[in-house]
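work.csv follows (CSV, C-alpha atoms):
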chain,number,residue,atom,x,y,z
Q,1,MET,CA,64.1,84.9,116.4
Q,2,LEU,CA,67.0,83.0,114.8
Q,3,VAL,CA,66.3,80.6,111.9
Q,4,GLN,CA,68.4,77.6,111.1
Q,5,SER,CA,68.2,75.5,107.9
Q,6,LYS,CA,69.6,72.1,107.0
Q,7,ASN,CA,69.8,72.9,103.3
Q,8,ARG,CA,70.9,76.5,103.3
Q,9,ILE,CA,73.4,78.7,105.2
Q,10,PRO,CA,71.3,81.4,106.9
Q,11,SER,CA,74.1,83.8,107.2
Q,12,LEU,CA,74.6,83.8,103.4
Q,13,ASP,CA,70.9,84.6,102.9
Q,14,GLY,CA,71.5,87.5,105.4
Q,15,LEU,CA,74.5,88.6,103.3
Q,16,ARG,CA,72.4,88.5,100.2
Q,17,ALA,CA,69.9,90.7,101.9
Q,18,ILE,CA,72.7,93.3,102.7
Q,19,SER,CA,73.9,93.0,99.1
Q,20,ILE,CA,70.6,93.6,97.5
Q,21,PHE,CA,70.0,96.5,99.9
Q,22,LEU,CA,73.3,98.1,98.7
Q,23,VAL,CA,72.2,97.7,95.0
Q,24,VAL,CA,68.7,99.1,95.6
Q,25,PHE,CA,70.0,102.0,97.7
Q,26,SER,CA,72.6,102.8,95.1
Q,27,HIS,CA,70.1,102.9,92.3
Q,28,ALA,CA,67.5,104.8,94.3
Q,29,PHE,CA,69.8,107.5,95.7
Q,30,LYS,CA,72.8,107.4,93.4
Q,31,PRO,CA,75.6,108.2,95.9
Q,32,ARG,CA,78.6,109.7,94.1
Q,33,LEU,CA,81.3,109.1,96.6
Q,34,ILE,CA,81.0,105.3,96.9
Q,35,ASP,CA,79.5,102.9,94.3
Q,36,LEU,CA,77.6,100.8,96.9
Q,37,GLY,CA,75.8,98.9,94.1
Q,38,ASN,CA,79.0,97.6,92.7
Q,39,LEU,CA,80.1,96.6,96.2
Q,40,GLY,CA,76.9,94.7,96.7
Q,41,VAL,CA,77.4,92.8,93.4
Q,42,LYS,CA,80.9,91.8,94.4
Q,43,VAL,CA,79.4,90.2,97.5
Q,44,PHE,CA,77.0,88.3,95.3
Q,45,PHE,CA,79.8,87.1,93.1
Q,46,ILE,CA,81.9,85.8,96.0
Q,47,ILE,CA,78.8,84.1,97.6
Q,48,SER,CA,77.8,82.5,94.3
Q,49,SER,CA,81.3,81.2,93.5
Q,50,TYR,CA,81.8,79.9,97.0
Q,51,LEU,CA,78.5,77.9,96.8
Q,52,ILE,CA,78.9,76.7,93.2
Q,53,VAL,CA,82.5,75.6,93.6
Q,54,GLY,CA,81.7,73.9,96.9
Q,55,ILE,CA,78.8,72.0,95.3
Q,56,LEU,CA,80.9,70.9,92.3
Q,57,LEU,CA,83.8,69.9,94.5
Q,58,LYS,CA,81.5,67.7,96.6
Q,59,ASP,CA,80.0,66.2,93.4
Q,60,VAL,CA,83.4,65.3,92.1
Q,61,LYS,CA,84.5,63.7,95.4
Q,62,MET,CA,81.2,61.7,95.5
Q,63,GLU,CA,81.7,60.6,91.9
Q,64,ARG,CA,78.3,62.1,90.8
Q,65,PHE,CA,79.5,65.1,88.8
Q,66,SER,CA,77.4,65.7,85.7
Q,67,LEU,CA,77.8,68.6,83.3
Q,68,LYS,CA,74.2,68.2,82.1
Q,69,THR,CA,72.8,68.2,85.7
Q,70,PHE,CA,74.8,71.2,86.6
Q,71,TYR,CA,73.6,73.3,83.6
Q,72,PHE,CA,70.0,72.0,84.1
Q,73,LYS,CA,70.0,73.2,87.7
Q,74,ARG,CA,71.5,76.6,86.8
Q,75,ILE,CA,69.1,77.2,83.9
Q,76,ILE,CA,66.0,76.3,85.9
Q,77,ARG,CA,67.3,78.6,88.7
Q,78,THR,CA,68.0,81.7,86.7
Q,79,PHE,CA,66.3,81.6,83.3
Q,80,PRO,CA,62.5,81.6,84.0
Q,81,ALA,CA,62.4,84.7,86.3
Q,82,PHE,CA,64.8,86.6,84.1
Q,83,TYR,CA,63.0,86.0,80.9
Q,84,VAL,CA,59.6,86.9,82.5
Q,85,TYR,CA,61.2,90.2,83.6
Q,86,LEU,CA,62.6,90.8,80.0
Q,87,PHE,CA,59.2,90.1,78.5
Q,88,SER,CA,57.6,92.5,80.9
Q,89,VAL,CA,60.2,95.2,80.0
Q,90,PHE,CA,59.5,94.6,76.3
Q,91,VAL,CA,55.7,95.0,76.8
Q,92,VAL,CA,56.0,98.1,79.1
Q,93,LEU,CA,58.5,99.9,76.9
Q,94,SER,CA,56.6,99.0,73.7
Q,95,ILE,CA,53.4,100.4,75.2
Q,96,LEU,CA,55.2,103.6,76.1
Q,97,LYS,CA,56.8,103.6,72.6
Q,98,ILE,CA,60.3,103.8,73.9
Q,99,PHE,CA,61.5,100.3,73.3
Q,100,ASP,CA,64.9,100.1,71.6
Q,101,TRP,CA,66.1,96.8,70.3
Q,102,GLU,CA,69.7,98.0,70.0
Q,103,GLN,CA,69.8,98.6,73.8
Q,104,PHE,CA,67.9,95.4,74.5
Q,105,TRP,CA,69.3,92.5,72.4
Q,106,ARG,CA,72.4,91.7,74.6
Q,107,ALA,CA,70.3,91.0,77.7
Q,108,PRO,CA,68.5,87.8,76.5
Q,109,ILE,CA,71.9,86.3,75.4
Q,110,TYR,CA,73.8,87.4,78.5
Q,111,LEU,CA,76.2,89.9,76.8
Q,112,THR,CA,75.1,93.1,78.6
Q,113,ASN,CA,78.4,93.2,80.3
Q,114,TYR,CA,80.1,93.9,77.0
Q,115,GLN,CA,78.0,96.9,76.0
Q,116,PRO,CA,80.4,99.9,76.3
Q,117,ARG,CA,79.2,102.9,78.2
Q,118,SER,CA,79.5,105.2,75.2
Q,119,ASP,CA,76.7,103.1,73.5
Q,120,TRP,CA,74.2,103.5,76.4
Q,121,GLN,CA,71.0,105.3,75.7
Q,122,PHE,CA,68.3,105.9,78.4
Q,123,GLN,CA,66.5,102.6,77.4
Q,124,GLN,CA,69.7,100.7,78.4
Q,125,TRP,CA,68.8,101.3,82.1
Q,126,PHE,CA,66.0,98.8,82.0
Q,127,VAL,CA,68.3,95.9,81.3
Q,128,GLY,CA,71.6,97.4,82.3
Q,129,HIS,CA,71.7,95.5,85.6
Q,130,SER,CA,71.7,92.2,83.8
Q,131,TRP,CA,75.5,92.7,83.3
Q,132,SER,CA,76.1,90.9,86.6
Q,133,LEU,CA,73.8,88.0,85.6
Q,134,ALA,CA,75.7,87.8,82.3
Q,135,VAL,CA,78.9,87.4,84.4
Q,136,GLU,CA,77.3,84.7,86.4
Q,137,GLU,CA,76.2,82.7,83.3
Q,138,GLN,CA,79.7,83.1,81.8
Q,139,PHE,CA,81.2,81.9,85.1
Q,140,TYR,CA,78.9,78.8,85.0
Q,141,ILE,CA,80.3,77.9,81.6
Q,142,VAL,CA,84.0,78.3,82.7
Q,143,VAL,CA,83.7,76.7,86.1
Q,144,ALA,CA,81.8,73.7,84.9
Q,145,LEU,CA,84.4,73.0,82.2
Q,146,LEU,CA,87.2,73.3,84.8
Q,147,PHE,CA,85.4,70.7,87.0
Q,148,LEU,CA,84.9,68.5,84.0
Q,149,LEU,CA,88.7,68.4,83.7
Q,150,LEU,CA,88.9,67.8,87.5
Q,151,ASN,CA,86.4,65.0,87.3
Q,152,LYS,CA,88.4,63.3,84.4
Q,153,GLN,CA,91.6,63.7,86.5
Q,154,ILE,CA,93.2,65.9,83.9
Q,155,LEU,CA,93.2,68.6,86.5
Q,156,ASN,CA,93.8,68.2,90.3
Q,157,GLN,CA,92.6,70.3,93.2
Q,158,LYS,CA,96.1,71.9,93.6
Q,159,LYS,CA,96.2,72.9,90.0
Q,160,LEU,CA,92.7,74.4,90.3
Q,161,LEU,CA,93.9,76.5,93.2
Q,162,ILE,CA,96.8,77.7,91.2
Q,163,ILE,CA,94.4,78.7,88.4
Q,164,LEU,CA,92.3,80.7,90.8
Q,165,PHE,CA,95.2,82.4,92.4
Q,166,SER,CA,96.6,83.2,88.9
Q,167,ILE,CA,93.2,84.8,88.0
Q,168,ILE,CA,93.5,87.1,91.1
Q,169,CYS,CA,97.0,88.2,89.9
Q,170,ILE,CA,96.1,88.6,86.2
Q,171,VAL,CA,92.8,90.4,86.4
Q,172,PRO,CA,94.1,93.6,88.0
Q,173,ILE,CA,96.7,93.9,85.3
Q,174,ILE,CA,93.9,93.5,82.6
Q,175,ARG,CA,92.0,96.3,84.3
Q,176,VAL,CA,94.9,98.7,84.3
Q,177,CYS,CA,95.7,97.9,80.7
Q,178,TYR,CA,92.1,98.7,79.8
Q,179,LEU,CA,92.5,102.1,81.5
Q,180,TYR,CA,95.9,102.9,80.1
Q,181,PHE,CA,96.1,101.6,76.5
Q,182,THR,CA,93.8,103.5,74.0
Q,183,SER,CA,94.5,100.9,71.2
Q,184,ILE,CA,92.3,98.3,73.0
Q,185,PRO,CA,88.8,98.0,71.4
Q,186,GLU,CA,86.3,100.2,73.0
Q,187,PHE,CA,83.8,97.4,73.7
Q,188,LEU,CA,86.4,96.1,76.2
Q,189,THR,CA,87.7,99.3,77.7
Q,190,GLY,CA,84.2,100.7,77.9
Q,191,SER,CA,83.0,97.6,79.8
Q,192,ILE,CA,85.6,97.7,82.6
Q,193,HIS,CA,84.3,96.5,85.9
Q,194,ARG,CA,81.5,94.7,84.0
Q,195,SER,CA,83.3,92.4,81.5
Q,196,PHE,CA,84.1,88.9,82.7
Q,197,GLU,CA,87.8,89.3,82.5
Q,198,THR,CA,87.8,92.5,84.7
Q,199,VAL,CA,85.6,91.0,87.5
Q,200,ALA,CA,86.7,87.4,87.5
Q,201,ASP,CA,88.9,87.9,90.6
Q,202,SER,CA,85.8,88.3,92.8
Q,203,LEU,CA,84.6,84.9,91.6
Q,204,ALA,CA,88.1,83.4,92.1
Q,205,VAL,CA,88.1,84.5,95.7
Q,206,GLY,CA,84.8,82.7,96.3
Q,207,GLY,CA,86.3,79.5,94.7
Q,208,ILE,CA,89.4,79.6,96.8
Q,209,LEU,CA,87.4,79.9,100.0
Q,210,ALA,CA,85.3,76.9,98.9
Q,211,ILE,CA,88.4,74.8,98.4
Q,212,TYR,CA,90.8,76.2,101.0
Q,213,GLY,CA,88.4,77.6,103.5
Q,214,ASP,CA,89.0,75.1,106.3
Q,215,VAL,CA,92.7,75.8,106.2
Q,216,ILE,CA,92.2,79.5,106.2
Q,217,LEU,CA,90.0,79.3,109.3
Q,218,GLU,CA,93.0,78.0,111.3
Q,219,LYS,CA,95.4,80.7,110.1
Q,220,LYS,CA,96.6,83.2,112.8
Q,221,TRP,CA,95.9,86.2,110.6
Q,222,PHE,CA,92.3,85.1,110.1
Q,223,LEU,CA,91.8,84.5,113.8
Q,224,PHE,CA,93.1,88.1,114.3
Q,225,LEU,CA,90.9,89.7,111.6
Q,226,LYS,CA,87.7,87.8,112.5
Q,227,ASN,CA,87.1,90.2,115.4
Q,228,LYS,CA,87.9,93.3,113.2
Q,229,ILE,CA,84.9,93.2,110.9
Q,230,PHE,CA,83.9,96.8,111.4
Q,231,PHE,CA,87.5,97.9,110.7
Q,232,LEU,CA,87.6,95.8,107.5
Q,233,ILE,CA,84.4,97.4,106.4
Q,234,LEU,CA,85.8,100.9,106.9
Q,235,ILE,CA,88.9,100.0,104.9
Q,236,ILE,CA,86.7,98.6,102.1
Q,237,LEU,CA,84.6,101.8,102.0
Q,238,GLY,CA,87.8,103.9,102.0
Q,239,ILE,CA,89.3,102.0,99.1
Q,240,MET,CA,86.0,102.3,97.2
Q,241,MET,CA,86.3,106.1,97.3
Q,242,LEU,CA,89.5,105.9,95.1
Q,243,ASN,CA,87.2,105.1,92.2
Q,244,SER,CA,84.9,108.0,92.8
Q,245,PRO,CA,84.6,110.7,90.1
Q,246,LEU,CA,84.8,113.3,92.9
Q,247,VAL,CA,88.3,111.9,93.8
Q,248,SER,CA,89.3,111.8,90.1
Q,249,ASN,CA,88.4,115.4,89.6
Q,250,ASP,CA,90.7,116.4,92.4
Q,251,PHE,CA,93.6,114.0,92.0
Q,252,GLY,CA,93.4,112.7,88.4
Q,253,LEU,CA,93.5,109.1,87.4
Q,254,LYS,CA,96.3,107.9,89.7
Q,255,PRO,CA,93.8,106.9,92.5
Q,256,ARG,CA,91.9,104.8,89.9
Q,257,TYR,CA,95.0,103.0,88.9
Q,258,LEU,CA,95.7,102.1,92.5
Q,259,TYR,CA,92.1,101.1,92.9
Q,260,ASN,CA,92.2,98.7,89.9
Q,261,LEU,CA,95.6,97.3,90.5
Q,262,PHE,CA,95.6,96.8,94.3
Q,263,GLY,CA,92.4,98.2,95.8
Q,264,LEU,CA,89.9,95.7,94.3
Q,265,THR,CA,92.1,92.8,95.3
Q,266,VAL,CA,92.1,94.0,99.0
Q,267,ILE,CA,88.3,94.5,98.8
Q,268,ASN,CA,87.7,91.0,97.5
Q,269,ALA,CA,90.0,89.5,100.1
Q,270,PHE,CA,88.3,91.4,103.0
Q,271,LEU,CA,84.8,90.6,101.7
Q,272,GLY,CA,85.9,86.9,101.6
Q,273,ILE,CA,87.1,87.1,105.2
Q,274,ILE,CA,83.9,88.8,106.3
Q,275,MET,CA,81.8,86.1,104.6
Q,276,MET,CA,83.8,83.3,106.2
Q,277,VAL,CA,83.3,84.9,109.6
Q,278,PHE,CA,79.5,85.1,109.0
Q,279,ILE,CA,79.3,81.5,107.9
Q,280,ASN,CA,81.6,79.9,110.6
Q,281,PHE,CA,81.0,82.3,113.6
Q,282,PRO,CA,77.3,83.2,113.3
Q,283,LYS,CA,77.1,84.3,116.9
Q,284,SER,CA,80.3,86.3,117.1
Q,285,SER,CA,78.6,89.7,117.2
Q,286,PHE,CA,75.2,91.3,117.2
Q,287,PHE,CA,75.6,92.3,113.6
Q,288,VAL,CA,76.5,88.8,112.5
Q,289,ARG,CA,73.6,87.3,114.6
Q,290,ALA,CA,71.2,89.8,113.0
Q,291,LEU,CA,71.9,88.3,109.6
Q,292,ASN,CA,70.2,85.1,110.8
Q,293,TYR,CA,66.9,86.8,111.7
Q,294,LYS,CA,63.9,85.5,109.8
Q,295,TRP,CA,62.9,88.7,108.1
Q,296,ILE,CA,66.5,89.4,106.9
Q,297,ILE,CA,66.8,85.8,105.6
Q,298,ASN,CA,63.5,86.2,103.7
Q,299,ILE,CA,64.9,89.3,101.9
Q,300,GLY,CA,67.9,87.2,101.0
Q,301,LEU,CA,65.6,84.5,99.6
Q,302,TRP,CA,63.8,87.1,97.5
Q,303,SER,CA,67.0,88.8,96.5
Q,304,TYR,CA,67.2,87.5,92.9
Q,305,SER,CA,63.7,88.7,92.1
Q,306,ILE,CA,64.4,92.0,93.9
Q,307,TYR,CA,67.5,92.3,91.8
Q,308,LEU,CA,65.5,91.8,88.6
Q,309,TRP,CA,62.6,94.1,89.4
Q,310,GLN,CA,64.2,97.0,91.2
Q,311,GLN,CA,65.6,98.2,87.9
Q,312,ILE,CA,62.4,99.0,86.1
Q,313,TRP,CA,60.9,100.6,89.2
Q,314,LEU,CA,63.9,102.8,90.0
Q,315,TYR,CA,64.0,104.4,86.6
Q,316,ASN,CA,63.5,108.2,86.6
Q,317,TRP,CA,59.7,107.8,86.7
Q,318,ASN,CA,57.9,110.9,88.0
Q,319,PHE,CA,56.4,109.4,91.2
Q,320,SER,CA,57.4,108.9,94.8
Q,321,LEU,CA,60.1,106.5,96.0
Q,322,TYR,CA,57.5,105.0,98.4
Q,323,TYR,CA,55.5,103.8,95.4
Q,324,LYS,CA,58.6,102.6,93.7
Q,325,PHE,CA,59.7,100.6,96.7
Q,326,ALA,CA,56.1,99.2,97.0
Q,327,GLY,CA,56.2,98.2,93.3
Q,328,ILE,CA,59.6,96.5,93.8
Q,329,LEU,CA,58.3,94.5,96.7
Q,330,ILE,CA,55.0,93.4,95.0
Q,331,CYS,CA,56.7,92.4,91.8
Q,332,SER,CA,59.5,90.6,93.6
Q,333,LEU,CA,57.1,88.6,95.8
Q,334,LEU,CA,55.0,87.7,92.7
Q,335,SER,CA,58.2,86.6,90.9
Q,336,TYR,CA,59.5,84.6,93.8
Q,337,TYR,CA,56.3,82.7,94.7
Q,338,LEU,CA,54.8,82.4,91.2
Q,339,ILE,CA,57.9,81.8,89.1
Q,340,GLU,CA,61.0,81.0,91.1
Q,341,LEU,CA,59.5,78.6,93.7
Q,342,PRO,CA,57.4,76.5,91.2
Q,343,PHE,CA,60.4,76.0,88.9
Q,344,LEU,CA,62.6,75.1,91.8
Q,345,LYS,CA,60.0,72.5,92.8
Q,346,ILE,CA,60.0,71.1,89.3
Q,347,ARG,CA,63.8,71.0,89.4
Q,348,ASN,CA,63.9,69.3,92.7
Q,349,ASN,CA,61.3,66.7,91.8
Q,350,TYR,CA,63.1,65.9,88.6
Q,351,LEU,CA,66.4,65.5,90.4
Q,352,SER,CA,64.8,63.3,93.1
Q,353,LYS,CA,63.2,61.1,90.5
Q,354,LYS,CA,66.5,60.8,88.7
Q,355,ILE,CA,68.3,59.7,91.9
Q,356,ASN,CA,65.5,57.2,92.7
Q,357,ASP,CA,65.6,55.7,89.2
Q,358,PHE,CA,69.4,55.4,89.5

Now that the file is in, can you turn its structure into structure tokens?
Amino acid sequence: MLVQSKNRIPSLDGLRAISIFLVVFSHAFKPRLIDLGNLGVKVFFIISSYLIVGILLKDVKMERFSLKTFYFKRIIRTFPAFYVYLFSVFVVLSILKIFDWEQFWRAPIYLTNYQPRSDWQFQQWFVGHSWSLAVEEQFYIVVALLFLLLNKQILNQKKLLIILFSIICIVPIIRVCYLYFTSIPEFLTGSIHRSFETVADSLAVGGILAIYGDVILEKKWFLFLKNKIFFLILIILGIMMLNSPLVSNDFGLKPRYLYNLFGLTVINAFLGIIMMVFINFPKSSFFVRALNYKWIINIGLWSYSIYLWQQIWLYNWNFSLYYKFAGILICSLLSYYLIELPFLKIRNNYLSKKINDF
């Protein structure tokens, strides 16, 4: 049964479901050849940027852009469930007498993406996944300020596109510099693929699609590639292998330089194309149609809570994966229905009242 929604894009919820599956699978089974978890996070970044930039662009055009409203909406959306998770981690680890403040303090202030790998202890696992949420929060700060300039007509849409394309060109160079130069501080080089400046190109791709997407849909190259989704996925997986430690052991660091300089750009571009196909051609194939099924959309709706709670359950506890998956599902549903939804209702009621008062 297909589900349609006036307020959401069902295919994007389906993509969120695929993304969180990749993250959970990666953390549960730890495949060494392809970092599927990182791939899933990239999809999240592109979706998030596409939606946020699209919303802000619409607000600017309708002359209703508000920095306070934007931050209020994002805080209510992300903070409550995250801090409940952090408090739960603190309680559990304290009871087990393994809590370590040094491994924990960056998470509440959204700086986990700048904790170098050499500083990781086993306790870091429980909050390590919050690096991607830290990137999201840092993105909210940057993108809102850019749109503040756009709203004040200091910046126009063409200049915004130039900024986003420049990010796509500059970020790969930063990644390679972090790999090559030993004089760069370790908190930066040790955070590659997590620090904002080394993953911002994924966010830039989503922003470009939000601004320029209608034009892209008419391009001949897009019309050609939209029927080659399976081929694009194979290329993405093949490029991901270049960053595998197994490949590095056999071929040295050259494949990693290629991966960081060119490979990730191709991956981001192909993921963007795939997302645009899913949004604009929801019946183009069985796989795309499947993303619109109710149970897959529901997983997409729960994806933020699943993202939070899978981490503590998928630690190296000495019990079956079946129990771990059951724990993830139960905690995620509790988080979604008892925390996320009530706060979203509060947010929506407040915004509705504000509009009515105006």

Near-Leu15 (chain Q) list (8 Å; all atoms listed in the file; drop same-chain fewer than 5 positions) as JSON, numbers by chain:
{"Q": [43, 275, 291, 300]}

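Once Lys159 (chain Q) and its same-chain neighbours fewer than 6 positions away are set aside, Leu146, Phe147, Leu149, Leu150, Gln153, Phe165, Ser166, Ile208 and Ile211 of chain Q remain within 12 Å of it when counting all atoms listed in the file.
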
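One finds CA of Tyr50 (chain Q) at 12.4 Å from CA of Tyr140 (chain Q).
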
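The list of residues with at least one atom within 9 Å of Ser244 (chain Q), based on all atoms listed in the file and without residues fewer than 2 positions apart in the same chain, reads Arg32, Leu33, Ile34, Asp35, Met240, Met241, Leu242, Leu246, Val247, Ser248, Asn249, Pro255 and Arg256 of chain Q.
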
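Distance check against Arg77 (chain Q) using all atoms listed in the file: of Q:Trp309, Q:Ile279, Q:Glu136, Q:Asn243, the minimum falls on Q:Glu136.
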
Show which residues sit within 6 Å of region 182-199 of chain Q, as a list in words. Count only C-alpha atoms, and ignore same-chain residues fewer than 2 positions away.
Asn113, Tyr114, Pro116, Arg117, Val135, Val171, Arg175, Tyr178, Asp201 and Ser202 of chain Q

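As for CA of Thr112 (chain Q) and CA of Trp131 (chain Q), they are spaced 4.7 Å apart.
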
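Nearest residue to Leu96 (chain Q) among Q:Tyr323, Q:Gln123, Q:Leu179, Q:Lys294 is Q:Gln123, counting only C-alpha atoms.
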